[in-house]
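A.B. asks: Provided herewith is a single structure, encoded as structure tokens, for subsequent inquiry.
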Amino acid sequence: MSPNTPSADKPYDHLQIETKWIDAWSADPALYRALDDGSKPRYYVLEMFPYPSGRLHMGHVRNYSIGDTLSRYLWMRGFDVLHPIGWDAFGMPAENAAIKNKMHPRDWTLSNIAAMRQQLVRMGFSYDWAREVTTCLPDYYKWNQWFFLKMYERGLAYRRMGKVNWCPDCATVLANEQVEEGRCWRCSSVVEKRELEQWSLKITHYADELLAETYTSLEKGWPERVLTMQRNWIGKSDGAVVDFTYAVTGEKIRIFTTRIDTIYGATCLILAPEHPLVARLLTGDAYTPVQAMIGEVNKQQEPGVEVDKQGLFTDHYAVNPFNGEQVPIWVGNFVLLGYGTGAIMAVPAHDERDFEFCRKYAIPVRPVIRPVDGPLAAEPGMKAAFGEYGVVENSGAWSGLASAEARKQMAAHAEAHGFGNAATTFRIQDWGVSRQRYWGTPIPMIHCRAKCGTVPVPYEQLPVELPYNVEFTGKGRSPLANIPEFVNVACPRCGAPAERETDTMDTFVDSSWYFFRYTDPQNPALPFDPAKAQPWFPINQYIGGVTHAILHLIYSRFWTKVIRDIGMTTSNEPVTNLFTQGMVQLGGKAMSKSRGNVVDPDDMVRKYGADTCRLFALFAAPPERDMEWSEASVQGQYRFLSRVYRFVTRNAAKARALEGTSGAADRQALRKLHQTLQKITADFDNRWHFNTSIAALMELMNTLEKHEAGLTGAAAAEVLEKLCLMLHPFAPFISQEIWCVELGREGQLIRQPWPEANADLAREEGAEVPIQVNGKLRAKMVVPFGTAKEELERLAQAEEKIKPWIEGKQIVKIVCVPDKLVNIVVKG
RNA sequence: GCGGAUGUGGCGAAAUUGGCAGACGCGCCAGACUUAGGAUCUGGUUCCCGCAAGGGAGUGGGGGUUCAAGUCCCUUCGUCCGCACCA
């Protein structure tokens, strides 16, 4: 057969190809294993590990396709890549399944994991399965308990009363994310707030550092959106605390304000209904309305609806330390106990909320700040509060100062006289980790009623294992509380009868440090060996959904700082670069079971193959944007892969023969090949717009098919080889098949070096220069690169299509950008 | 209300540094091959006028800077997502 005669092409049989390579790759466990020996530069690619619901969904496919494409590219670029996966395996769905189907959470979870592991393997993702981590197994959650004890020792884990989301129907606490629009996600009951004693982790200890790093080490590598959300969540607020004095007993009532400069305008104090002082100011029948108010506040309000401000006068007064004035003490439903000191001074003239409250209850409004360029507001008659900075008036010695200056001086004055000081508060609260749940990490604490109180479980007794035999009713206390063998223990300190803590940990604990465990997943003595972890930290690239922008990503940052402070890492932050991919939608809405608009990846893989699915997940939109699922468009990707496969099979013999004299077709093909290589390499290195990378591969195929007849051996060989290499990160199966079967090469593509683009071959023969007249495109011409300005201007004016546009007109000026454009500006 | 994102053909999108708007794909139209086509291949496809050559308009709306604006500035509208009495 002559090398230039196309041979018959082979149809693309995705099923045969993909099953064959899954078997081959599964038989080679070292294939995706990091060398971890320092012989090559390291790169840690981490994707958010999945909750094992039992089925992979399209969001996973997209997330993991991005990570896998990147990992394969990095391998080919010579990095030692750590690319692990695991299972975020504790959580409520397992318990709900247990209640519903009478299946044990452990069995349910482990069988889900087995199913999903198969699905991930089927997708061709390059995970190092030897590092698989499963958080619901004792060899993992033992270390949650270990960290908990370490935190307890350092005062970072403690017990306190705290407000929790309480579902009255399920009779249990719900995590914040399990409350949907004020209702229980499982039974749709309206969720209440309830005070419960629970274990908390002192994330506020790191609040300042967590905030500061968003402006420094994270600023370059994290999306601005995520940083903004975290800053808002942390909610640092600079102000001052001031002690008012309760007129009867002389005790202090501490308030927090950011506007101490307005304190001469304070016309009352307002306490949160749960403020401890309230129960002493109002006793007996007088307290009843407060209880009602607390009840109201604790009912979850409908989102988006502003609750009416309610107040109660206590009939008591407090003294303003700045001017000695007595102001009435009120109770207000809008004052939050959990923020600041749980008490505020109301300055109605300069705070919108205070204004609304005081007008409602006819409390005086006294303006003390005037705009820099205007007079003090007239009262009576004020229609709204003036909340901005200005100039202080009617404020004794501070009158005339600018607000900013007054804030400093007045805080200093308060401190000097012992009734206050400058102070900072945070919106972020300590992390309540107790859950009245079975399927989580047991909190390793024992309550000794005899004398020792709360005693930590000794390290050598870890893990505190979850008992297997347990009954699930979905009602009442934690299921663990009903198991005497679990609850009843001897106090580790005095040996007296004692009870185990029956709460389990929030599942966000599990995901707060799993990425450390990947570096040393089987360590029996420690969560991980610092010497093994440190070379991989901080993580080069983390990829996941923006839904975790706050909770998981703040908890992980917190946990890393704790790990640092106990001397197990030198990294301040876990993640250098964060990438948040967009959601997969159908019909403009996020795919979800309740909407009934899910597309099952399994069906798609069966029909079109994993390569096609991966390609579509990357092609439909840039990775950071939401994408719309479209099966018609999926078929387009399948067509593309078919074209690639048939093109290769038609031309493989020719390429192997290496015959023929290179001609114009070869030059065209090689030019496009190297242009594509430049384009794709740039996409990887700069911005991960894989949709344009794949479009470039399609363009390449269009060009190759156009010049197929004239393509000769040597050029064909180069084209097929490099096409195959470039395709591999996106479509690993078909590229590996072509490499071995059609091109007769050996070895795994992931181990091949990424090809270098040849800039000389990529260069066009000449520059196509558009010619504009008054900014409008009128003609184009092809000139040699580097043609001088004068020559370009001459050629442009000589163009036949240009002449009619400039004839008889005055040329005002000619803008000429060599190799780019000529614009002739004419008048008349 | 505050903060953020986003707005380009019938659809998903591209245009990376102010320099040819719509690459690539889907869909659609026409044709080829075919017993057949929901396979494959070829050509066309922003809108308006025109048989065509060609011309005009055009990146949510309005205004501006510039030889030149999807891109920069001002203003306005729509959509989506966070947060939402945080003193």
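Following the order of the structure tokens, first chain is A, next is B, and so on, with residues numbered from 1 inside each chain and ligands from 1 in the order they appear.
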Do you know which residues are at most 12 Å from U40 in chain B counting only C-alpha atoms (C1' of nucleotides), after dropping those on the same chain fewer than 2 positions away, and could you put them as a list of chain:residue names?
C.D. replies: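 Contacts, in chain order: A:Asp9, A:Pro11, A:Arg639, A:Ser642, A:Arg643, A:Arg646, B:A32, B:C33, B:U34, B:G37, B:U42.
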A.B. asks: Residues of chain B within 9 Å of chain A, using only C-alpha atoms (C1' of nucleotides), as a list in words?
C.D. replies: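 Therefore, the residues near the partner are G3, G4, A5, G12, A13, A14, U16, G19, C20, A23, C24, G25, C26, G27, C67, A68, G82, C83, A84, C85, C86 and A87 of chain B.
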A.B. asks: Between CA of Phe733 in chain A and CA of Tyr43 in chain A, what is the spacing in Å?
C.D. replies: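 Taking CA of Tyr43 in chain A as the start and CA of Phe733 in chain A as the end point, the length is 23.4 Å.
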A.B. asks: Show which residues sit within 12 Å of Gln326 in chain A, as a PDB file with all heavy atoms, in the first residue's frame. Count only C-alpha atoms (C1' of nucleotides), and ignore same-chain residues fewer than 2 positions away.
C.D. replies:
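Listed below is the output, selection.pdb:
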```
ATOM      1  N   PHE A 244     -21.041  51.167  81.606  1.00  0.00           N
ATOM      2  CA  PHE A 244     -22.055  52.011  82.230  1.00  0.00           C
ATOM      3  C   PHE A 244     -22.244  51.460  83.652  1.00  0.00           C
ATOM      4  O   PHE A 244     -21.880  50.320  83.926  1.00  0.00           O
ATOM      5  CB  PHE A 244     -23.369  51.948  81.443  1.00  0.00           C
ATOM      6  CG  PHE A 244     -23.364  52.812  80.196  1.00  0.00           C
ATOM      7  CD1 PHE A 244     -22.418  52.612  79.200  1.00  0.00           C
ATOM      8  CD2 PHE A 244     -24.311  53.828  80.022  1.00  0.00           C
ATOM      9  CE1 PHE A 244     -22.403  53.402  78.053  1.00  0.00           C
ATOM     10  CE2 PHE A 244     -24.307  54.621  78.878  1.00  0.00           C
ATOM     11  CZ  PHE A 244     -23.361  54.410  77.899  1.00  0.00           C
ATOM     12  N   THR A 245     -22.804  52.256  84.513  1.00  0.00           N
ATOM     13  CA  THR A 245     -22.967  51.807  85.905  1.00  0.00           C
ATOM     14  C   THR A 245     -24.439  51.690  86.248  1.00  0.00           C
ATOM     15  O   THR A 245     -25.224  52.628  86.029  1.00  0.00           O
ATOM     16  CB  THR A 245     -22.314  52.825  86.868  1.00  0.00           C
ATOM     17  OG1 THR A 245     -21.000  53.090  86.412  1.00  0.00           O
ATOM     18  CG2 THR A 245     -22.274  52.262  88.282  1.00  0.00           C
ATOM     19  N   TYR A 246     -24.829  50.517  86.747  1.00  0.00           N
ATOM     20  CA  TYR A 246     -26.204  50.309  87.169  1.00  0.00           C
ATOM     21  C   TYR A 246     -26.443  51.160  88.412  1.00  0.00           C
ATOM     22  O   TYR A 246     -25.750  51.013  89.430  1.00  0.00           O
ATOM     23  CB  TYR A 246     -26.432  48.824  87.451  1.00  0.00           C
ATOM     24  CG  TYR A 246     -27.780  48.488  88.025  1.00  0.00           C
ATOM     25  CD1 TYR A 246     -28.940  49.152  87.582  1.00  0.00           C
ATOM     26  CD2 TYR A 246     -27.914  47.506  88.999  1.00  0.00           C
ATOM     27  CE1 TYR A 246     -30.165  48.845  88.103  1.00  0.00           C
ATOM     28  CE2 TYR A 246     -29.157  47.182  89.529  1.00  0.00           C
ATOM     29  CZ  TYR A 246     -30.289  47.863  89.084  1.00  0.00           C
ATOM     30  OH  TYR A 246     -31.522  47.557  89.605  1.00  0.00           O
ATOM     31  N   ALA A 247     -27.411  52.062  88.305  1.00  0.00           N
ATOM     32  CA  ALA A 247     -27.564  53.105  89.304  1.00  0.00           C
ATOM     33  C   ALA A 247     -27.824  52.561  90.710  1.00  0.00           C
ATOM     34  O   ALA A 247     -27.414  53.166  91.700  1.00  0.00           O
ATOM     35  CB  ALA A 247     -28.701  54.054  88.899  1.00  0.00           C
ATOM     36  N   VAL A 248     -28.507  51.407  90.830  1.00  0.00           N
ATOM     37  CA  VAL A 248     -28.886  50.911  92.155  1.00  0.00           C
ATOM     38  C   VAL A 248     -27.717  50.264  92.875  1.00  0.00           C
ATOM     39  O   VAL A 248     -27.378  50.633  94.001  1.00  0.00           O
ATOM     40  CB  VAL A 248     -30.059  49.915  92.047  1.00  0.00           C
ATOM     41  CG1 VAL A 248     -30.379  49.309  93.420  1.00  0.00           C
ATOM     42  CG2 VAL A 248     -31.297  50.637  91.497  1.00  0.00           C
ATOM     43  N   TYR A 264     -22.203  60.689  73.637  1.00  0.00           N
ATOM     44  CA  TYR A 264     -23.019  61.762  74.244  1.00  0.00           C
ATOM     45  C   TYR A 264     -24.441  61.752  73.685  1.00  0.00           C
ATOM     46  O   TYR A 264     -25.325  62.403  74.220  1.00  0.00           O
ATOM     47  CB  TYR A 264     -22.372  63.136  74.028  1.00  0.00           C
ATOM     48  CG  TYR A 264     -21.247  63.411  75.014  1.00  0.00           C
ATOM     49  CD1 TYR A 264     -20.009  62.798  74.871  1.00  0.00           C
ATOM     50  CD2 TYR A 264     -21.434  64.280  76.096  1.00  0.00           C
ATOM     51  CE1 TYR A 264     -18.978  63.027  75.772  1.00  0.00           C
ATOM     52  CE2 TYR A 264     -20.412  64.530  77.001  1.00  0.00           C
ATOM     53  CZ  TYR A 264     -19.185  63.899  76.836  1.00  0.00           C
ATOM     54  OH  TYR A 264     -18.169  64.124  77.725  1.00  0.00           O
ATOM     55  N   ALA A 266     -26.097  58.880  73.415  1.00  0.00           N
ATOM     56  CA  ALA A 266     -26.744  57.661  73.891  1.00  0.00           C
ATOM     57  C   ALA A 266     -27.931  58.025  74.761  1.00  0.00           C
ATOM     58  O   ALA A 266     -27.789  58.777  75.727  1.00  0.00           O
ATOM     59  CB  ALA A 266     -25.751  56.813  74.674  1.00  0.00           C
ATOM     60  N   THR A 267     -29.116  57.502  74.429  1.00  0.00           N
ATOM     61  CA  THR A 267     -30.312  57.855  75.200  1.00  0.00           C
ATOM     62  C   THR A 267     -30.917  56.664  75.909  1.00  0.00           C
ATOM     63  O   THR A 267     -31.898  56.807  76.610  1.00  0.00           O
ATOM     64  CB  THR A 267     -31.360  58.525  74.291  1.00  0.00           C
ATOM     65  OG1 THR A 267     -31.580  57.694  73.151  1.00  0.00           O
ATOM     66  CG2 THR A 267     -30.870  59.896  73.831  1.00  0.00           C
ATOM     67  N   CYS A 268     -30.349  55.488  75.709  1.00  0.00           N
ATOM     68  CA  CYS A 268     -30.723  54.345  76.538  1.00  0.00           C
ATOM     69  C   CYS A 268     -29.711  53.214  76.334  1.00  0.00           C
ATOM     70  O   CYS A 268     -28.890  53.266  75.420  1.00  0.00           O
ATOM     71  CB  CYS A 268     -32.141  53.832  76.234  1.00  0.00           C
ATOM     72  SG  CYS A 268     -32.353  53.089  74.622  1.00  0.00           S
ATOM     73  N   LEU A 269     -29.757  52.233  77.238  1.00  0.00           N
ATOM     74  CA  LEU A 269     -29.018  50.992  77.035  1.00  0.00           C
ATOM     75  C   LEU A 269     -30.023  49.943  76.626  1.00  0.00           C
ATOM     76  O   LEU A 269     -31.156  49.959  77.087  1.00  0.00           O
ATOM     77  CB  LEU A 269     -28.338  50.526  78.326  1.00  0.00           C
ATOM     78  CG  LEU A 269     -27.164  51.304  78.889  1.00  0.00           C
ATOM     79  CD1 LEU A 269     -26.470  50.465  79.980  1.00  0.00           C
ATOM     80  CD2 LEU A 269     -26.164  51.649  77.789  1.00  0.00           C
ATOM     81  N   HIS A 316     -35.263  50.539  85.250  1.00  0.00           N
ATOM     82  CA  HIS A 316     -33.988  50.799  85.905  1.00  0.00           C
ATOM     83  C   HIS A 316     -33.144  51.715  85.019  1.00  0.00           C
ATOM     84  O   HIS A 316     -33.415  51.857  83.826  1.00  0.00           O
ATOM     85  CB  HIS A 316     -33.240  49.487  86.159  1.00  0.00           C
ATOM     86  CG  HIS A 316     -33.919  48.619  87.180  1.00  0.00           C
ATOM     87  ND1 HIS A 316     -33.687  48.730  88.521  1.00  0.00           N
ATOM     88  CD2 HIS A 316     -34.845  47.632  87.033  1.00  0.00           C
ATOM     89  CE1 HIS A 316     -34.427  47.841  89.164  1.00  0.00           C
ATOM     90  NE2 HIS A 316     -35.142  47.163  88.280  1.00  0.00           N
ATOM     91  N   TYR A 317     -32.127  52.292  85.629  1.00  0.00           N
ATOM     92  CA  TYR A 317     -31.300  53.266  84.928  1.00  0.00           C
ATOM     93  C   TYR A 317     -29.813  52.959  85.096  1.00  0.00           C
ATOM     94  O   TYR A 317     -29.407  52.308  86.055  1.00  0.00           O
ATOM     95  CB  TYR A 317     -31.598  54.688  85.427  1.00  0.00           C
ATOM     96  CG  TYR A 317     -32.984  55.134  85.053  1.00  0.00           C
ATOM     97  CD1 TYR A 317     -34.092  54.767  85.823  1.00  0.00           C
ATOM     98  CD2 TYR A 317     -33.185  55.890  83.902  1.00  0.00           C
ATOM     99  CE1 TYR A 317     -35.371  55.149  85.459  1.00  0.00           C
ATOM    100  CE2 TYR A 317     -34.473  56.286  83.529  1.00  0.00           C
ATOM    101  CZ  TYR A 317     -35.559  55.905  84.307  1.00  0.00           C
ATOM    102  OH  TYR A 317     -36.808  56.286  83.923  1.00  0.00           O
ATOM    103  N   ALA A 318     -29.053  53.432  84.132  1.00  0.00           N
ATOM    104  CA  ALA A 318     -27.601  53.271  84.211  1.00  0.00           C
ATOM    105  C   ALA A 318     -26.942  54.618  83.940  1.00  0.00           C
ATOM    106  O   ALA A 318     -27.524  55.475  83.270  1.00  0.00           O
ATOM    107  CB  ALA A 318     -27.118  52.246  83.190  1.00  0.00           C
ATOM    108  N   VAL A 319     -25.736  54.778  84.439  1.00  0.00           N
ATOM    109  CA  VAL A 319     -25.048  56.066  84.306  1.00  0.00           C
ATOM    110  C   VAL A 319     -24.013  55.997  83.193  1.00  0.00           C
ATOM    111  O   VAL A 319     -23.196  55.073  83.148  1.00  0.00           O
ATOM    112  CB  VAL A 319     -24.364  56.447  85.637  1.00  0.00           C
ATOM    113  CG1 VAL A 319     -23.598  57.767  85.475  1.00  0.00           C
ATOM    114  CG2 VAL A 319     -25.394  56.551  86.748  1.00  0.00           C
ATOM    115  N   ASN A 320     -24.081  56.973  82.306  1.00  0.00           N
ATOM    116  CA  ASN A 320     -23.107  57.114  81.224  1.00  0.00           C
ATOM    117  C   ASN A 320     -21.829  57.704  81.821  1.00  0.00           C
ATOM    118  O   ASN A 320     -21.849  58.818  82.344  1.00  0.00           O
ATOM    119  CB  ASN A 320     -23.700  58.055  80.167  1.00  0.00           C
ATOM    120  CG  ASN A 320     -22.766  58.256  78.983  1.00  0.00           C
ATOM    121  OD1 ASN A 320     -21.558  58.078  79.096  1.00  0.00           O
ATOM    122  ND2 ASN A 320     -23.350  58.662  77.857  1.00  0.00           N
ATOM    123  N   PRO A 321     -20.718  56.981  81.781  1.00  0.00           N
ATOM    124  CA  PRO A 321     -19.502  57.441  82.476  1.00  0.00           C
ATOM    125  C   PRO A 321     -18.911  58.694  81.842  1.00  0.00           C
ATOM    126  O   PRO A 321     -18.115  59.382  82.488  1.00  0.00           O
ATOM    127  CB  PRO A 321     -18.550  56.254  82.342  1.00  0.00           C
ATOM    128  CG  PRO A 321     -19.010  55.533  81.119  1.00  0.00           C
ATOM    129  CD  PRO A 321     -20.498  55.718  81.070  1.00  0.00           C
ATOM    130  N   PHE A 322     -19.285  59.012  80.631  1.00  0.00           N
ATOM    131  CA  PHE A 322     -18.708  60.205  80.005  1.00  0.00           C
ATOM    132  C   PHE A 322     -19.362  61.485  80.487  1.00  0.00           C
ATOM    133  O   PHE A 322     -18.691  62.481  80.712  1.00  0.00           O
ATOM    134  CB  PHE A 322     -18.813  60.104  78.476  1.00  0.00           C
ATOM    135  CG  PHE A 322     -17.629  59.412  77.867  1.00  0.00           C
ATOM    136  CD1 PHE A 322     -17.571  58.025  77.792  1.00  0.00           C
ATOM    137  CD2 PHE A 322     -16.551  60.147  77.388  1.00  0.00           C
ATOM    138  CE1 PHE A 322     -16.479  57.391  77.245  1.00  0.00           C
ATOM    139  CE2 PHE A 322     -15.451  59.521  76.836  1.00  0.00           C
ATOM    140  CZ  PHE A 322     -15.408  58.131  76.766  1.00  0.00           C
ATOM    141  N   ASN A 323     -20.694  61.453  80.666  1.00  0.00           N
ATOM    142  CA  ASN A 323     -21.350  62.702  81.031  1.00  0.00           C
ATOM    143  C   ASN A 323     -22.161  62.581  82.320  1.00  0.00           C
ATOM    144  O   ASN A 323     -22.851  63.505  82.711  1.00  0.00           O
ATOM    145  CB  ASN A 323     -22.253  63.198  79.895  1.00  0.00           C
ATOM    146  CG  ASN A 323     -23.285  62.158  79.498  1.00  0.00           C
ATOM    147  OD1 ASN A 323     -23.457  61.151  80.182  1.00  0.00           O
ATOM    148  ND2 ASN A 323     -23.984  62.422  78.409  1.00  0.00           N
ATOM    149  N   GLY A 324     -22.105  61.403  82.983  1.00  0.00           N
ATOM    150  CA  GLY A 324     -22.792  61.233  84.249  1.00  0.00           C
ATOM    151  C   GLY A 324     -24.299  61.163  84.132  1.00  0.00           C
ATOM    152  O   GLY A 324     -25.015  61.126  85.127  1.00  0.00           O
ATOM    153  N   PRO A 328     -32.189  55.189  80.615  1.00  0.00           N
ATOM    154  CA  PRO A 328     -33.018  54.022  80.930  1.00  0.00           C
ATOM    155  C   PRO A 328     -32.418  52.734  80.364  1.00  0.00           C
ATOM    156  O   PRO A 328     -31.774  52.752  79.318  1.00  0.00           O
ATOM    157  CB  PRO A 328     -34.364  54.328  80.260  1.00  0.00           C
ATOM    158  CG  PRO A 328     -34.051  55.327  79.197  1.00  0.00           C
ATOM    159  CD  PRO A 328     -32.858  56.114  79.673  1.00  0.00           C
ATOM    160  N   ILE A 329     -32.635  51.640  81.078  1.00  0.00           N
ATOM    161  CA  ILE A 329     -32.181  50.332  80.614  1.00  0.00           C
ATOM    162  C   ILE A 329     -33.366  49.580  80.008  1.00  0.00           C
ATOM    163  O   ILE A 329     -34.373  49.393  80.690  1.00  0.00           O
ATOM    164  CB  ILE A 329     -31.582  49.491  81.763  1.00  0.00           C
ATOM    165  CG1 ILE A 329     -30.433  50.251  82.423  1.00  0.00           C
ATOM    166  CG2 ILE A 329     -31.090  48.139  81.229  1.00  0.00           C
ATOM    167  CD1 ILE A 329     -29.911  49.575  83.693  1.00  0.00           C
TER     168      ILE A 329
END
```
A.B. asks: Between CA of Gly440 in chain A and CA of Asp503 in chain A, measure the distance and give it in Å to one decimal.
C.D. replies: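 Separation of CA of Gly440 in chain A and CA of Asp503 in chain A: 8.7 Å.
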A.B. asks: Mind listing the helix (DSSP H, G or I) residues of range 488-630 of chain A, per DSSP on the backbone, as a PyMOL selection string?
C.D. replies: chain A and resi 510-512+514-517+530-536+546-548+551-565+601-608+610-619
A.B. asks: From the set B:G31, B:G18, B:G70, B:G9, which residue has the shortest atom-to-atom contact distance to U46 in chain B, counting only C-alpha atoms (C1' of nucleotides)?
C.D. replies: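 With only C-alpha atoms (C1' of nucleotides) as the atom set, the closest residue is B:G9.
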A.B. asks: For CA of Ile443 in chain A and CA of Thr504 in chain A, quote the distance in Å rounded to one decimal.
C.D. replies: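 Between CA of Ile443 in chain A and CA of Thr504 in chain A the gap works out to 5.3 Å.
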